[in-house]
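J.: Following this line is entry09.tsv, made up of TSV, C-alpha atoms:
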```
chain	number	residue	atom	x	y	z
A	1	MET	CA	-48.97	-153.28	121.58
A	2	SER	CA	-45.42	-152.02	122.01
A	3	PHE	CA	-44.54	-148.36	122.26
A	4	ASP	CA	-41.79	-146.60	120.34
A	5	GLN	CA	-38.50	-146.11	122.17
A	6	LEU	CA	-38.09	-142.81	124.01
A	7	ILE	CA	-35.35	-140.71	125.59
A	8	ASN	CA	-35.25	-137.25	127.15
A	9	PHE	CA	-33.53	-134.42	125.24
A	10	GLY	CA	-32.91	-136.61	122.19
A	11	LYS	CA	-31.69	-133.93	119.77
A	12	VAL	CA	-28.82	-134.51	117.34
A	13	GLN	CA	-27.06	-132.77	114.47
A	14	VAL	CA	-26.81	-134.28	110.99
A	15	SER	CA	-23.22	-134.21	109.76
A	16	ILE	CA	-23.80	-133.47	106.05
A	17	GLY	CA	-26.62	-132.63	103.62
A	18	TYR	CA	-28.91	-135.27	102.14
A	19	ASP	CA	-31.42	-135.45	99.30
A	20	ALA	CA	-35.02	-136.58	99.59
A	21	SER	CA	-34.26	-140.26	98.98
A	22	ALA	CA	-31.35	-140.89	101.40
A	23	THR	CA	-31.98	-143.52	104.07
A	24	SER	CA	-28.55	-143.85	105.71
A	25	ILE	CA	-27.85	-140.69	107.70
A	26	ALA	CA	-24.57	-139.82	109.43
A	27	LEU	CA	-24.78	-137.71	112.58
A	28	SER	CA	-22.11	-135.53	114.12
A	29	ALA	CA	-19.53	-137.58	116.02
A	30	GLY	CA	-20.89	-138.79	119.34
A	31	ASP	CA	-24.49	-137.73	118.69
A	32	GLY	CA	-25.75	-141.25	118.11
A	33	ALA	CA	-25.55	-141.90	121.86
A	34	LYS	CA	-28.11	-139.12	122.43
A	35	LEU	CA	-30.81	-141.30	120.84
A	36	PRO	CA	-32.27	-144.62	122.05
A	37	SER	CA	-30.11	-147.69	121.45
A	38	THR	CA	-33.12	-149.88	120.64
A	39	PHE	CA	-35.68	-149.36	117.89
A	40	LYS	CA	-38.01	-148.19	116.40
A	41	TYR	CA	-38.93	-144.51	116.88
A	42	ASN	CA	-39.76	-141.37	114.90
A	43	VAL	CA	-37.69	-138.19	114.81
A	44	VAL	CA	-38.30	-134.76	113.32
A	45	TRP	CA	-35.62	-133.68	110.81
A	46	TRP	CA	-35.46	-129.98	109.94
A	47	ASN	CA	-33.46	-126.92	108.87
A	48	PHE	CA	-32.29	-125.60	112.24
A	49	THR	CA	-30.39	-122.60	110.85
A	50	ASP	CA	-33.50	-120.85	109.57
A	51	TYR	CA	-36.11	-122.36	111.91
A	52	ALA	CA	-35.53	-122.88	115.61
A	53	ASP	CA	-39.04	-124.34	115.77
A	54	PRO	CA	-39.47	-127.44	113.55
A	55	ALA	CA	-43.18	-126.66	113.14
A	56	ASP	CA	-42.25	-123.46	111.30
A	57	ALA	CA	-39.79	-125.43	109.18
A	58	LEU	CA	-42.48	-127.96	108.27
A	59	HIS	CA	-44.85	-125.25	107.07
A	60	ALA	CA	-42.04	-123.86	104.93
A	61	GLY	CA	-41.28	-127.26	103.38
A	62	GLU	CA	-38.05	-127.61	105.37
A	63	ALA	CA	-38.93	-130.49	107.70
A	64	GLU	CA	-40.23	-134.04	107.79
A	65	ILE	CA	-40.74	-136.88	110.23
A	66	VAL	CA	-38.66	-139.99	109.61
A	67	ARG	CA	-38.62	-143.39	111.30
A	68	VAL	CA	-35.36	-144.68	112.76
A	69	THR	CA	-35.15	-148.44	112.25
A	70	ASN	CA	-31.49	-148.99	113.20
A	71	ARG	CA	-28.35	-147.23	114.36
A	72	SER	CA	-24.68	-148.10	114.03
A	73	THR	CA	-22.76	-145.72	116.31
A	74	ASP	CA	-23.51	-142.36	114.67
A	75	THR	CA	-25.26	-143.58	111.51
A	76	LEU	CA	-29.03	-143.96	111.39
A	77	THR	CA	-31.06	-146.14	109.06
A	78	ILE	CA	-34.37	-144.41	108.41
A	79	THR	CA	-37.64	-144.62	106.53
A	80	ARG	CA	-38.67	-141.30	105.03
A	81	ALA	CA	-41.90	-139.30	105.00
A	82	GLN	CA	-43.68	-140.53	108.14
A	83	GLU	CA	-46.94	-139.36	109.76
A	84	GLY	CA	-48.24	-137.58	106.69
A	85	THR	CA	-45.08	-135.55	106.02
A	86	SER	CA	-43.21	-135.54	102.72
A	87	ALA	CA	-39.60	-136.43	102.04
A	88	VAL	CA	-37.70	-133.19	101.39
A	89	THR	CA	-34.09	-132.26	100.72
A	90	HIS	CA	-31.91	-131.36	103.69
A	91	ASN	CA	-28.82	-130.18	101.86
A	92	THR	CA	-28.82	-126.40	101.43
A	93	SER	CA	-25.23	-125.13	101.63
A	94	ALA	CA	-24.15	-123.61	104.98
A	95	LYS	CA	-27.35	-124.74	106.74
A	96	THR	CA	-27.39	-126.86	109.89
A	97	TYR	CA	-29.88	-129.72	110.01
A	98	LYS	CA	-30.99	-131.37	113.22
A	99	MET	CA	-33.16	-134.27	114.31
A	100	ALA	CA	-35.18	-134.46	117.51
A	101	LEU	CA	-37.08	-137.25	119.17
A	102	ALA	CA	-40.07	-135.04	119.94
A	103	LEU	CA	-43.74	-135.51	120.72
A	104	THR	CA	-45.69	-136.40	117.56
A	105	LYS	CA	-49.23	-137.42	116.76
A	106	LYS	CA	-48.17	-141.07	116.56
A	107	MET	CA	-47.10	-141.04	120.22
A	108	ILE	CA	-50.49	-139.75	121.33
A	109	ASP	CA	-52.32	-142.19	119.06
A	110	ASP	CA	-50.28	-145.11	120.45
A	111	ILE	CA	-51.11	-144.10	124.02
A	112	THR	CA	-54.79	-143.78	123.16
A	113	ILE	CA	-54.91	-147.19	121.51
A	114	ALA	CA	-53.01	-148.79	124.39
A	115	ALA	CA	-55.52	-147.35	126.84
A	116	THR	CA	-58.32	-149.27	125.12
A	117	ASP	CA	-59.39	-152.54	126.73
A	118	THR	CA	-60.66	-155.52	124.78
A	119	VAL	CA	-62.72	-158.62	125.51
A	120	GLN	CA	-64.35	-161.35	123.45
A	121	THR	CA	-67.80	-162.76	124.13
A	122	THR	CA	-69.20	-166.01	122.75
A	123	ASP	CA	-72.50	-166.15	124.62
A	124	ALA	CA	-75.06	-163.92	126.33
A	125	THR	CA	-73.29	-163.85	129.70
A	126	GLN	CA	-72.55	-160.38	131.11
A	127	THR	CA	-68.77	-159.89	130.86
A	128	THR	CA	-66.41	-157.29	132.32
A	129	LEU	CA	-64.67	-155.20	129.67
A	130	ASP	CA	-62.90	-152.86	132.12
A	131	SER	CA	-63.01	-152.00	135.82
A	132	PHE	CA	-61.35	-150.00	138.57
A	133	ALA	CA	-61.46	-149.92	142.37
A	134	LEU	CA	-62.97	-146.82	143.99
A	135	THR	CA	-61.10	-145.01	146.74
A	136	ASP	CA	-63.15	-144.61	149.91
A	137	GLU	CA	-64.76	-141.21	150.47
A	138	ASN	CA	-64.63	-140.37	146.77
A	139	THR	CA	-67.28	-139.61	144.14
A	140	TYR	CA	-66.57	-140.28	140.47
A	141	HIS	CA	-68.00	-139.22	137.13
A	142	VAL	CA	-67.20	-142.00	134.67
A	143	GLU	CA	-67.73	-142.24	130.93
A	144	ALA	CA	-67.13	-145.10	128.52
A	145	LEU	CA	-66.81	-145.35	124.76
A	146	VAL	CA	-67.37	-148.87	123.45
A	147	THR	CA	-67.52	-150.61	120.08
A	148	ALA	CA	-68.60	-154.17	119.35
A	149	VAL	CA	-68.14	-156.10	116.11
A	150	GLN	CA	-69.34	-159.61	115.31
A	151	SER	CA	-66.50	-161.86	114.12
A	152	THR	CA	-68.11	-162.19	110.69
A	153	GLY	CA	-68.31	-158.41	110.35
A	154	ALA	CA	-72.05	-158.64	109.67
A	155	GLU	CA	-73.22	-157.01	112.90
A	156	ARG	CA	-71.94	-154.13	115.04
A	157	ALA	CA	-72.71	-151.68	117.82
A	158	SER	CA	-71.31	-148.61	119.56
A	159	TYR	CA	-72.02	-146.96	122.89
A	160	HIS	CA	-71.28	-143.86	124.91
A	161	ILE	CA	-72.46	-144.22	128.50
A	162	ALA	CA	-71.90	-142.29	131.74
A	163	CYS	CA	-72.54	-142.68	135.45
A	164	THR	CA	-71.94	-141.21	138.88
A	165	VAL	CA	-70.52	-143.69	141.39
A	166	TYR	CA	-69.29	-143.23	144.93
A	167	ARG	CA	-67.88	-145.01	147.95
A	168	THR	CA	-68.19	-143.76	151.51
A	169	GLY	CA	-67.86	-145.05	155.08
A	170	ALA	CA	-65.65	-147.94	153.94
A	171	GLY	CA	-68.70	-149.32	152.14
A	172	SER	CA	-69.08	-150.79	148.69
A	173	ALA	CA	-69.16	-148.88	145.41
A	174	THR	CA	-72.64	-147.47	144.77
A	175	LEU	CA	-74.18	-146.07	141.61
A	176	GLN	CA	-75.91	-142.71	142.07
A	177	GLY	CA	-79.08	-143.05	140.04
A	178	ALA	CA	-79.29	-144.70	136.64
A	179	VAL	CA	-76.58	-145.14	134.04
A	180	THR	CA	-76.93	-142.44	131.38
A	181	VAL	CA	-76.96	-143.61	127.77
A	182	VAL	CA	-75.53	-140.76	125.71
A	183	HIS	CA	-75.43	-142.88	122.56
A	184	ALA	CA	-76.35	-146.46	121.71
A	185	ASN	CA	-76.53	-147.83	118.19
A	186	GLU	CA	-76.96	-151.60	117.86
A	187	SER	CA	-77.63	-153.80	114.88
A	188	ASP	CA	-79.00	-156.38	117.34
A	189	ALA	CA	-81.07	-155.25	120.33
A	190	ASN	CA	-79.91	-158.26	122.39
A	191	LEU	CA	-76.52	-156.61	122.85
A	192	ASP	CA	-75.93	-154.53	125.95
A	193	CYS	CA	-73.36	-152.23	127.52
A	194	THR	CA	-73.70	-150.76	131.01
A	195	PHE	CA	-71.96	-150.00	134.29
A	196	THR	CA	-72.26	-152.40	137.23
A	197	VAL	CA	-70.74	-152.45	140.71
A	198	ASN	CA	-69.14	-155.29	142.63
A	199	SER	CA	-67.68	-154.72	146.10
A	200	ASN	CA	-65.33	-151.73	145.72
A	201	ASP	CA	-65.21	-151.93	141.92
A	202	LEU	CA	-67.03	-150.19	139.11
A	203	ARG	CA	-67.27	-152.45	136.08
A	204	LEU	CA	-67.86	-151.68	132.43
A	205	SER	CA	-70.03	-154.67	131.56
A	206	VAL	CA	-71.01	-155.95	128.12
A	207	THR	CA	-73.37	-158.68	126.97
A	208	GLY	CA	-73.04	-160.51	123.69
A	209	ILE	CA	-75.27	-163.00	121.91
A	210	ALA	CA	-75.49	-166.76	122.39
A	211	ALA	CA	-73.44	-168.83	119.94
A	212	GLU	CA	-71.89	-165.73	118.35
A	213	THR	CA	-68.38	-164.35	118.71
A	214	TRP	CA	-68.14	-160.62	119.36
A	215	GLU	CA	-65.06	-158.43	119.80
A	216	TRP	CA	-65.50	-155.55	122.24
A	217	ASP	CA	-63.22	-152.52	122.61
A	218	GLY	CA	-63.71	-149.82	125.20
A	219	ARG	CA	-62.08	-146.95	127.04
A	220	LEU	CA	-62.95	-145.44	130.42
A	221	THR	CA	-62.38	-141.83	131.41
A	222	ARG	CA	-63.05	-140.55	134.91
A	223	ILE	CA	-62.72	-137.63	137.26
A	224	ASN	CA	-63.19	-137.81	141.00
A	225	GLY	CA	-63.50	-135.64	144.07
A	226	SER	CA	-62.82	-136.51	147.69
A	227	ASN	CA	-64.72	-135.44	150.78
A	228	ALA	CA	-61.97	-136.72	153.09
```
Taking this structure as input, can you express it in the form of structure tokens?
T.:
Amino acid sequence: MSFDQLINFGKVQVSIGYDASATSIALSAGDGAKLPSTFKYNVVWWNFTDYADPADALHAGEAEIVRVTNRSTDTLTITRAQEGTSAVTHNTSAKTYKMALALTKKMIDDITIAATDTVQTTDATQTTLDSFALTDENTYHVEALVTAVQSTGAERASYHIACTVYRTGAGSATLQGAVTVVHANESDANLDCTFTVNSNDLRLSVTGIAAETWEWDGRLTRINGSNA
């Protein structure tokens, strides 16, 4: 996937007032250069005169998130009412309206989705969904969330597993005890999801079913401590 464009301190002032249907927005002269020159990205648009914090403006019906799809110098082309917000008027007399490229839920969701690994299986061979190399003299607690869906949509599974793994004395990665299954729900018991080790690596390993196509998605989280 591709991420939205970003820039630090991307805050601009809107030159005039606009109603709730406007999609071509003129900024103050020179402000266009304060935003990314490539697209697309979301910005918060709010009544700055009455609300220094756009969150307060949103709760008062004086803000929305819009999507910038193009820019010509200081004029933005936008799509209104993004991320669950509503299109509102930004044209009260004597008020200043600003836009800011700020952290929104979409940014976090995009990062979360991008951090998910995927693999396809077409047989019952154990396959690596994700892996990482352990640093020597470190112990890790690792958890994985995994979903599996048969290509026909008829079968499915989900897992939450955890393990302790370590590496010491320049040796190989070693699992401490058994892999813990926090949750496993499978429509076919021949499916499997577990942690395995290979040399210095911990692997998130999945096993599908012979002659069936399965799509696997998973995400690893880990914390580690060093004794060095």
J.: So what do you get for atom CA of Arg80 of chain A versus atom CA of Tyr41 of chain A, distance-wise?
T.: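 Answer for the atom CA of Arg80 of chain A to atom CA of Tyr41 of chain A separation: 12.3 Å.
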J.: Please indicate the distance in Å from atom CA of Leu76 of chain A to atom CA of Asp110 of chain A, rounded to one decimal place.
T.: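 Between atom CA of Leu76 of chain A and atom CA of Asp110 of chain A the gap works out to 23.1 Å.
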J.: Go through A:Ser86, A:Thr125, A:Gln120, A:Ser28 and flag the residue nearest Thr213 of chain A, using only C-alpha atoms for the distances.
T.: A:Gln120
J.: Take every atom of segment 11-27 of chain A listed in the file, fit an axis-aligned box around them, add 3 Å per side, and give the centre and edge lengths in Å to one decimal as lines of an AutoDock Vina configuration file.
T.:
```
center_x = -29.1
center_y = -138.2
center_z = 109.4
size_x = 17.8
size_y = 17.2
size_z = 26.8
```
J.: Would you mind listing what lies within 6 Å of Ala26 of chain A as a list in words, with all atoms listed in the file counted and same-chain residues fewer than 4 positions away left out?
T.: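 Here the answer would be Ser15, Asp74 and Thr75 of chain A.
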J.: Using all atoms listed in the file, which protein or nucleic acid residues come within 12 Å of segment 70-72 of chain A? Drop anything in the same chain fewer than 4 positions from it, and give the result as a ChimeraX atom specification.
T.: /A:5,23-27,29-42,76-79
J.: Near Tyr51 of chain A, within 12 Å and counting only C-alpha atoms, which residues show up once chain neighbours fewer than 6 positions away are dropped, as a list in words?
T.: Trp45, Ala57, Leu58, His59, Ala60, Gly61, Glu62, Ala63, Lys95, Thr96, Tyr97 and Lys98 of chain A
J.: Which of these, A:Asp4, A:Asp217, A:Glu83, A:Asp53, has the shortest distance to Ile65 of chain A once you count all atoms listed in the file?
T.: A:Glu83
J.: Could you work out how far atom CA of Lys105 of chain A lies from atom CA of Gln13 of chain A, giving the answer in Å with one decimal?
T.: 22.8 Å
J.: Contacts of His183 of chain A at 10 Å or less, counting all atoms listed in the file, minus same-chain residues fewer than 2 places along, as JSON, numbers by chain?
T.: {"A": [145, 158, 159, 160, 161, 162, 180, 181, 185]}
J.: Using all atoms listed in the file, which of A:Thr139, A:Thr112, A:Asn8, A:Asn190 sits nearest Glu155 of chain A?
T.: A:Asn190
J.: Using all atoms listed in the file, can you list as a ChimeraX atom specification the residues within 8 Å of (-61.9, -144.6, 125.4)?
T.: /A:112,115-116,144-146,218-221
J.: Set the distance at 7 Å and use all atoms listed in the file: which residues neighbour Cys163 of chain A once local chain neighbours fewer than 5 positions away are removed? I'd like the list as a list of chain:residue names.
T.: A:His141, A:Val142, A:Glu143, A:Val179, A:Thr180
J.: Write the residues of the preceding selection, restricted to C-alpha atoms, as an mmCIF file, in the coordinates of the input.
T.:
```cif
data_model
loop_
_atom_site.group_PDB
_atom_site.id
_atom_site.type_symbol
_atom_site.label_atom_id
_atom_site.label_comp_id
_atom_site.auth_asym_id
_atom_site.auth_seq_id
_atom_site.Cartn_x
_atom_site.Cartn_y
_atom_site.Cartn_z
ATOM 1 C CA HIS A 141 -68.000 -139.220 137.130
ATOM 2 C CA VAL A 142 -67.200 -142.000 134.670
ATOM 3 C CA GLU A 143 -67.730 -142.240 130.930
ATOM 4 C CA VAL A 179 -76.580 -145.140 134.040
ATOM 5 C CA THR A 180 -76.930 -142.440 131.380
#
```
J.: For each of A:Leu191, A:Val66, A:Ala55, A:Val43, take the minimum atom-to-atom distance to Ala124 of chain A, counting all atoms listed in the file, then give the residue where this is smallest.
T.: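 The shortest atom-to-atom distance to Ala124 of chain A comes from A:Leu191.
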J.: Which one of A:Thr207, A:Thr89, A:Gln126, A:Thr168 sits closest to Ser226 of chain A if you count only C-alpha atoms?
T.: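 Checking each candidate against Ser226 of chain A, we get A:Thr168 as the closest.
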J.: So which one's closest to Tyr166 of chain A, A:Leu101, A:Ala22, A:Leu202, A:Ala148? Using only C-alpha atoms, please.
T.: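 Smallest separation from Tyr166 of chain A among the options: A:Leu202.
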J.: Would you kindly place N, CA and C atoms on segment 180-195 of chain A and return the model as a PDB file, in the frame of the given file?
T.:
```pdb
ATOM      1  N   THR A 180     -76.471-143.292 132.471  1.00  0.00           N
ATOM      2  CA  THR A 180     -76.930-142.440 131.380  1.00  0.00           C
ATOM      3  C   THR A 180     -76.421-142.965 130.047  1.00  0.00           C
ATOM      4  N   VAL A 181     -77.335-143.179 129.121  1.00  0.00           N
ATOM      5  CA  VAL A 181     -76.960-143.610 127.770  1.00  0.00           C
ATOM      6  C   VAL A 181     -76.915-142.372 126.887  1.00  0.00           C
ATOM      7  N   VAL A 182     -75.709-141.915 126.585  1.00  0.00           N
ATOM      8  CA  VAL A 182     -75.530-140.760 125.710  1.00  0.00           C
ATOM      9  C   VAL A 182     -75.769-141.162 124.263  1.00  0.00           C
ATOM     10  N   HIS A 183     -75.297-142.364 123.936  1.00  0.00           N
ATOM     11  CA  HIS A 183     -75.430-142.880 122.560  1.00  0.00           C
ATOM     12  C   HIS A 183     -75.445-144.393 122.625  1.00  0.00           C
ATOM     13  N   ALA A 184     -76.339-145.004 121.873  1.00  0.00           N
ATOM     14  CA  ALA A 184     -76.350-146.460 121.710  1.00  0.00           C
ATOM     15  C   ALA A 184     -76.898-146.778 120.330  1.00  0.00           C
ATOM     16  N   ASN A 185     -76.101-147.459 119.535  1.00  0.00           N
ATOM     17  CA  ASN A 185     -76.530-147.830 118.190  1.00  0.00           C
ATOM     18  C   ASN A 185     -76.159-149.296 117.994  1.00  0.00           C
ATOM     19  N   GLU A 186     -77.174-150.152 117.923  1.00  0.00           N
ATOM     20  CA  GLU A 186     -76.960-151.600 117.860  1.00  0.00           C
ATOM     21  C   GLU A 186     -77.657-152.189 116.641  1.00  0.00           C
ATOM     22  N   SER A 187     -76.969-153.085 115.964  1.00  0.00           N
ATOM     23  CA  SER A 187     -77.630-153.800 114.880  1.00  0.00           C
ATOM     24  C   SER A 187     -78.452-154.972 115.413  1.00  0.00           C
ATOM     25  N   ASP A 188     -78.221-155.325 116.685  1.00  0.00           N
ATOM     26  CA  ASP A 188     -79.000-156.380 117.340  1.00  0.00           C
ATOM     27  C   ASP A 188     -79.344-155.899 118.739  1.00  0.00           C
ATOM     28  N   ALA A 189     -80.620-155.803 119.056  1.00  0.00           N
ATOM     29  CA  ALA A 189     -81.070-155.250 120.330  1.00  0.00           C
ATOM     30  C   ALA A 189     -80.745-156.148 121.518  1.00  0.00           C
ATOM     31  N   ASN A 190     -80.292-157.367 121.286  1.00  0.00           N
ATOM     32  CA  ASN A 190     -79.910-158.260 122.390  1.00  0.00           C
ATOM     33  C   ASN A 190     -78.560-157.898 122.989  1.00  0.00           C
ATOM     34  N   LEU A 191     -77.800-157.077 122.317  1.00  0.00           N
ATOM     35  CA  LEU A 191     -76.520-156.610 122.850  1.00  0.00           C
ATOM     36  C   LEU A 191     -76.762-155.622 123.978  1.00  0.00           C
ATOM     37  N   ASP A 192     -75.766-155.490 124.864  1.00  0.00           N
ATOM     38  CA  ASP A 192     -75.930-154.530 125.950  1.00  0.00           C
ATOM     39  C   ASP A 192     -74.572-154.063 126.442  1.00  0.00           C
ATOM     40  N   CYS A 193     -74.555-152.826 126.929  1.00  0.00           N
ATOM     41  CA  CYS A 193     -73.360-152.230 127.520  1.00  0.00           C
ATOM     42  C   CYS A 193     -73.821-151.339 128.663  1.00  0.00           C
ATOM     43  N   THR A 194     -73.260-151.534 129.861  1.00  0.00           N
ATOM     44  CA  THR A 194     -73.700-150.760 131.010  1.00  0.00           C
ATOM     45  C   THR A 194     -72.604-150.734 132.068  1.00  0.00           C
ATOM     46  N   PHE A 195     -72.824-149.982 133.120  1.00  0.00           N
ATOM     47  CA  PHE A 195     -71.960-150.000 134.290  1.00  0.00           C
ATOM     48  C   PHE A 195     -72.600-150.848 135.386  1.00  0.00           C
TER      49      PHE A 195
END
```
